[in-house]
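Colleague: Following this message is one structure expressed as structure tokens.
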Amino acid sequence: MNFIKNNLANAFTLGNLFSGCVGIVHLISGDYQTTAICIIISLVLDFFDGFIARAMNSSSNLGGQLDSLADMVSFGFLPGITMFVALEHLTFSGLPEFMPWIKYLGFIITLFSCLRLAIFNLDDDQKYYFKGLNTPSNTILIFGLFYAFKETGAFSFLFENEIYLLILTIVSSWLLISPIKMIAMKFKSKQLKDNYPKLALLIGGILILLIFKTVGIPLVIIYYILISLIFQKQLK
């Protein structure tokens, strides 16, 4: 029983990693719906591995390392692959011959995701807020935009212009390591005034999804960033 108790959270973390790997394979092959399902599974497992570790008092240094390594694939490599695929689909007509190599710049997101995870592991202050956009949210933003484009044609102005995609890559990468405080769904107290940012995020996010459906997925992350900016002084 001790073995199960000590390793159940790690099993969830490895499940996150496995789901991320499967999602990447299907993303490359063009099966974006399966990738979307894999991201959802990874998000759920990533949430519950920490929850289980705390509930069963089985947190360990091994678990912390596994969590970052799994996130690097599911929420670091996967959004980089997403941008690579998005740039690869552009024809680059009329541009110099070297321009098709620009698609590899999509992996800048992967590099900064790695940097963000390393910084997070060394920062003890980020208990009730995130400093910079967390990697799961960034993955939802990047893949959510791409998925909405493929499913509904939304955000075509982004995915039909390599310059805009590169700007998105740079902005996304900067947000990962930015000093901006971002809301974390961890409750320091039960007082309502201390949880206004979280309530605003939760209510607003649900409304956006109900109104915009698939297109609303990346919009929720944009809303998350804006709400975090508004409540900067309360995040501590």
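If you're wondering about the labels, chains in the structure tokens are A, B, ... by order shown, residues count from 1 in each chain, ligands from 1 in order shown.
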Would you please give, as a PyMOL selection string, all residues of range 53-181 of chain A that DSSP assigns to alpha helix (DSSP H) based on the backbone?
Modeller: chain A and resi 53-55+61-72+78-88+108-122+135-152+156-159+162-177
Colleague: Please list as a ChimeraX atom specification every residue within 12 Å of Pro136 in chain A, counting only C-alpha atoms and excluding residues in the same chain fewer than 6 positions away.
Modeller: /A:16,20,39-47,68,70-79,113,116-117,130,142-144,176,218,221
Colleague: Quick one: everything within 12 Å of Ile167 in chain A, counting only C-alpha atoms, minus sequence neighbours fewer than 3 positions away in the same chain. Send it as an NGL selection string.
Modeller: :A and (83 or 105-106 or 108-109 or 158-159 or 161-164 or 170-174)
Colleague: Which value, in Å to one decimal, gives the distance between CA of Gly23 in chain A and CA of Cys38 in chain A?
Modeller: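 Interatomic distance here is 5.1 Å.
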Colleague: Contacts between range 223-233 of chain A and range 126-180 of chain A, please, where a residue of range 126-180 of chain A counts if it comes within 10 Å (with only C-alpha atoms); show its shortest atom pair and distance in Å to one decimal, rows by chain and ascending number, as JSON lines.
Modeller:
{"residue": "A:Tyr129", "atom": "CA", "partner": "A:Ser228", "partner_atom": "CA", "distance": 9.6}
{"residue": "A:Phe130", "atom": "CA", "partner": "A:Ser228", "partner_atom": "CA", "distance": 9.8}
{"residue": "A:Gly132", "atom": "CA", "partner": "A:Ile225", "partner_atom": "CA", "distance": 9.4}
{"residue": "A:Leu133", "atom": "CA", "partner": "A:Ile225", "partner_atom": "CA", "distance": 7.8}
{"residue": "A:Ser137", "atom": "CA", "partner": "A:Tyr224", "partner_atom": "CA", "distance": 9.0}
{"residue": "A:Leu175", "atom": "CA", "partner": "A:Ile225", "partner_atom": "CA", "distance": 9.3}
{"residue": "A:Ile180", "atom": "CA", "partner": "A:Leu229", "partner_atom": "CA", "distance": 7.3}
Colleague: If you keep N, CA and C atoms, can you produce a file of those selected residues as a compact mmCIF listing (two decimals), in the first residue's frame?
Modeller:
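Contents of selection.txt, freshly written:
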# COMPACT_ATOMS: atom_id res chain seq x y z
N TYR A 129 0.30 32.74 -6.77
CA TYR A 129 0.21 33.37 -8.08
C TYR A 129 1.34 32.84 -8.96
N PHE A 130 1.20 33.03 -10.27
CA PHE A 130 2.28 32.69 -11.19
C PHE A 130 2.98 33.97 -11.63
N GLY A 132 4.51 35.33 -14.74
CA GLY A 132 4.52 34.97 -16.15
C GLY A 132 3.42 33.97 -16.45
N LEU A 133 3.13 33.79 -17.71
CA LEU A 133 2.08 32.86 -18.13
C LEU A 133 2.56 31.43 -17.95
N SER A 137 -1.39 27.16 -19.75
CA SER A 137 -2.20 28.25 -20.32
C SER A 137 -1.66 28.67 -21.68
N LEU A 175 5.72 36.26 -22.68
CA LEU A 175 4.76 36.11 -21.59
C LEU A 175 5.16 35.00 -20.62
N ILE A 180 4.99 39.71 -15.13
CA ILE A 180 3.56 39.93 -14.85
C ILE A 180 3.03 38.82 -13.93
Colleague: Pick out each residue of chain A that DSSP on the backbone tags as strand (DSSP E or B); I need them as a PyMOL selection string.
Modeller: chain A and resi 129-131+181-183
Colleague: For the selection you just gave me, I'd like the residues written to a file as a compact mmCIF listing (two decimals), in the first residue's frame, keeping N, CA, C and O atoms.
Modeller:
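So the final result, stored in again17.txt, reads:
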# COMPACT_ATOMS: atom_id res chain seq x y z
N TYR A 129 0.30 32.74 -6.77
CA TYR A 129 0.21 33.37 -8.08
C TYR A 129 1.34 32.84 -8.96
O TYR A 129 2.29 32.24 -8.47
N PHE A 130 1.20 33.03 -10.27
CA PHE A 130 2.28 32.69 -11.19
C PHE A 130 2.98 33.97 -11.63
O PHE A 130 2.34 35.00 -11.79
N LYS A 131 4.27 33.89 -11.83
CA LYS A 131 5.01 35.00 -12.40
C LYS A 131 5.24 34.67 -13.87
O LYS A 131 6.06 33.82 -14.21
N LYS A 181 2.37 39.21 -12.86
CA LYS A 181 1.76 38.24 -11.96
C LYS A 181 0.46 37.73 -12.56
O LYS A 181 -0.37 38.50 -13.02
N MET A 182 0.30 36.43 -12.57
CA MET A 182 -0.88 35.78 -13.13
C MET A 182 -1.64 35.03 -12.03
O MET A 182 -1.04 34.44 -11.13
N ILE A 183 -2.95 35.06 -12.13
CA ILE A 183 -3.80 34.41 -11.14
C ILE A 183 -3.56 32.90 -11.10
O ILE A 183 -3.50 32.25 -12.14
Colleague: Tell me, in Å to one decimal, how far CA of Lys103 in chain A is from CA of Glu88 in chain A.
Modeller: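 Separation of CA of Lys103 in chain A and CA of Glu88 in chain A: 5.5 Å.
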Colleague: If we count only C-alpha atoms, what is near His26 in chain A at a cut-off of 12 Å, once residues fewer than 5 positions away on the same chain are taken out, given as number ranges by chain?
Modeller: A: 19-21, 31-39, 78, 81-82, 85
Colleague: Tell me, in Å to one decimal, how far CA of Asn7 in chain A is from CA of Tyr128 in chain A.
Modeller: 25.6 Å
Colleague: Hey, which of A:Ala184, A:Val215, A:Cys114, A:Leu27 ends up closest to Ala154 in chain A? Count only C-alpha atoms.
Modeller: A:Val215
